[in-house]
Structures are given as structure tokens and as C-alpha cells.
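Encoded as C-alpha cells, the structure appears first; notes follow it.
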Amino acid sequence: CKIISGTVELHHCSNVRVKIQGPEATVATLQVDLSSDVTVEFHDAPSGKNTHHPHQKEPSLYWGQDKDDRIFHAGVTNLKVQIYRDDMLETETVADYLKDGATAVGNATAQEMQFVTSVLPDRDGQLVTESVVRQGSSTGSQVRAMTERELQAAQELREKAAQMALEKAESMIQIRDKDGNPVVTQQPSTTDTKDDEEVMEEVVTQDVQVIVDECQQNKARGNEAFGAGEYGQAILLYSLALDKAEELPSDSGGLFPRDVVYSNRAACFLKLGQHEKAAADAQSALEHNPQNVKALFRQGLALHALQQYTAALPLLAQAAQLEPKNKQIQQALQFCEVRLEQEHRKRMAG
């Protein structure tokens with residue numbers, strides 16, 4: 001069957017083959033639990049971080065080329081993962097929770113021990129299975145599940161960054177001799193400075209990515225709640241995403257689509273009949289992206305519900321111009337025009 005979701009979960013399955021193929025077959029998350037004899041094949045499949053364009057024939061990133069392209073699994077025997085490029089098998093591995101060293105820990109059974117399979121660039125791009133030693137949380141700095149290797153690498157990077165910060169602080173303190181003359185100290189070489197800058201940049205990039213990941217996770221959970229009709233819960237989750245996004249650097253607007261989240265939260269407020277809040281959120285979305293059609297449409301709907309037809313009309317007209325084939329927008333525009341005409345006639349008659 002054709003999969004149109006970015007998330008695939010398999011539970012209590014056996015003798016299953018999942019084939020992910022083509023530039024549009026993006027599977028961002030794959031979780032397999034308590035299953036056996038499962039085969040997952042990636043055929044020229046894009047990375048979860050790939051940005052697909054309609055006229056783009058090939059992905060800018062293939063699955064496995066980003067560190068977050070991972071398959072999580074627990075209690076799975078004979079899980080075969082294969083990556084194909086141009087119909088040629090590039091790399092494969094077989095994971096088995098018992099052979100990979102799963103053990104019971106505390107109240108958790110061996111079947112509950114979480115593993116992750118991913119491509120490691122420092123191992124010639126081979127698929128490797130590792131145990132997860134830190135489970136990801138829905139909020140906070142531990143949003144990303146990590147392996148022992150990743151935790152150690154992150155710790156080493158932070159220690160190096162801390163040492164660099166200390167050395168820079170010390171270099172700012174001027175040392176003088178007994179006569180009060182500055183003591184000339186050896187300046188760091190250009191090469192050392194360049195290396196230091198690269199380490200600091202990598203630390204900052206990792207910290208930013210943690211924030212983006214948490215924002216994206218709350219946005220996705222908000223979308224799920226909205227789809228289930230749980231509009232209050234969706235508002236909470238969208239608000240968590242927006243609050244966390246405030247921690248991003250000021251020049252990182254493209255890393256997380258705040259306009260989309262504001263527009264989504266506006267849709268929730270519309271569903272709950274809170275039209276003033278919906279209009280405010282849609283306005284915030286337009287401040288981030290004036291061409292957001294859904295934000296234009298939703299602000300128009302909110303103002304229409306508030307009987308502010310004069311303000312609603314140009315917004316709906318702009319949305320209709322951007323998406324002329326959208327029947328909902330066209331109907332809302334026509335209805336607003338009728339209301340505005342009725343209001344005009346009342347004023348003329350009165």
C-alpha cells in the first residue's frame with residue numbers, strides 16, 4: 001500500500017516488508033516494536049530533513065545522510081535494514097534485540113530496551129545499531145534520544161568549548177610586571193583561532209538544533225490534537241512550540257516556521273469561536289510571512305465573524321488572488337461581499 005504519512009509505526013508484526021521509494025517518500029520517523037522478520041528498504045528515499053520542491057527530481061539529502069535519520073526499535077528479532085542507490089544495494093544490517101545485548105533493567109524487560117539503527121559517516125557510511133541510553137523527552141534539553149557514543153561526543157565538545165571560553169576569559173586579563181608594565185604573552189595562532197571558532201559554531205549549532213527539534217515535536221503533536229478535534233490541547237502544544245522558538249537566535253527565522261504555527265493556532269481559536277484571538281494569531285503569522293494564504297484566509301474569517309467586513313474583504317481577496325482555485329476562499333469572499341453590500345444598504349436606508 002502507498003504510505004502518505006511521515007511516520008511509520010509497526011507493533012506486533014511479522015513477515016513485513018516496508019519499501020520506501022522515490023523523492024517524495026519521506027519517512028521522518030520509523031518505530032518498530034515487538035515484531036519479527038521485518039525488512040525496511042530505502043530506495044533513493046530522501047532524508048527526513050530533505051526539502052522537496054515540485055520540480056526537483058532527486059533529493060538534496062538521501063535517507064541516512066542526516067544524523068536524525070534513524071529507526072527506533074525494541075523487542076524486534078531479525079530486523080533487516082537496506083539502503084539502495086540506483087537499484088544497487090549500498091549498505092545493509094540486521095538487528096536483533098537479543099544479539100545486540102538487550103537486558104532487563106529494573107522493572108523494564110529486555111524487550112523494552114530501545115535500540116536505534118542509523119548510518120554513521122565515521123564508519124564509511126555503514127548502518128550501525130546502538131542502544132539508547134537516554135530517552136528523549138517531549139520538552140527540555142533532552143528532547144532527542146541519544147546513544148552512549150552521542151552522549152560522549154556531546155560531552156567532549158562541551159568540555160572543549162568550556163576550556164576555550166576559560167582561555168579567552170584569561171586572555172582578557174592583562175598581566176603586569178612589578179614595575180606596572182604589561183607582560184607580553186604568546187598570542188594564539190591563526191590556525192588555533194579558526195579551530196576554536198569551528199568548535200564554538202558546532203556547539204551553538206547543536207544547541208539550536210535541540211531547540212528546533214523540540215519546537216517541531218510540539219508542532220507535530222499539536223497537529224495530531226487538532227486532527228482529533230482536541231482544539232484546547234492543540235492550542236497548548238502550539239503555544240509550547242512558539243514559546244520554545246523564542247529561544248532561537250534572532251537570525252534563525254528559517255529554521256522553524258512560526259507563521260505556520262500561529263496560523264494553526266488561529267484555526268483552533270476559530271473552531272472554539274474565539275474570533276479575536278484567532279485574528280490576533282493570524283496577524284502574527286502574517287508578520288512572519290505576509291504571503292501565508294491560510295493566515296490571510298483565517299484572519300479574514302475571524303474579522304468576518306466579528307462583523308468587521310470592511311477589514312475582512314481585502315484579506316480574503318488577497319488569499320483568493322494567491323489561490324484562485326480554492327473554493328472555500330472564493331465562497332468566503334463572495335459571502336463577505338454580500339454582507340458588506342447589505343451593510344452599505346442599511347446605512348443608506350437609515
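Going through the C-alpha cells in order, the chains are called A, B, and so on, while each chain numbers its residues from 1 and the ligands are numbered from 1 in the order shown.
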
List the spatial neighbours of Asp69 (chain A) as a list in words - criterion: any atom at most 9 Å away, only C-alpha atoms, same-chain residues fewer than 3 positions off excluded. Val27, Ala28, Thr29, Ser47, Gly48, Lys49, Trp63, Gly64, Gln65, Asp66, Thr117, Ser118 and Val119 of chain A

Just the residues within 10 Å of Thr109 (chain A), please, counting only C-alpha atoms, with nothing from its chain fewer than 6 positions along; format it as a short mmCIF file (atom, residue, chain, number, x, y, z; two decimals) with N, CA and C atoms, in the first residue's frame.
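As written to disk, part_24.cif reads:
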```cif
data_model
loop_
_atom_site.label_atom_id
_atom_site.label_comp_id
_atom_site.auth_asym_id
_atom_site.auth_seq_id
_atom_site.Cartn_x
_atom_site.Cartn_y
_atom_site.Cartn_z
N GLY A 75 12.53 -4.95 21.19
CA GLY A 75 11.93 -6.28 21.18
C GLY A 75 11.73 -6.84 19.79
N ALA A 102 20.37 -6.81 24.51
CA ALA A 102 19.28 -6.30 25.35
C ALA A 102 19.22 -7.07 26.66
N THR A 103 19.07 -6.35 27.76
CA THR A 103 18.97 -6.97 29.08
C THR A 103 17.86 -6.28 29.87
#
```

Taking the DSSP secondary structure from the backbone, can you list the residues of region 219-348 of chain A that are alpha helix (DSSP H), as a PyMOL selection string? chain A and resi 219-227+231-245+258-271+275-288+293-305+309-322+327-348

Could you go through region 24-79 of chain A and tell me which residues DSSP, when run on the backbone, assigns to strand (DSSP E or B), listing them as a list in words? Thr29, Leu30, Gln31, Val32, Asp33, Ser36, Asp37, Val38, Thr39, Val40, Glu41, Phe42, His43, Pro46, Tyr62, Arg70, Ile71, Phe72, His73, Ala74, Thr77, Asn78 and Leu79 of chain A

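Reported to one decimal place, the separation of CA of Pro257 (chain A) from CA of Leu313 (chain A) is 26.1 Å.
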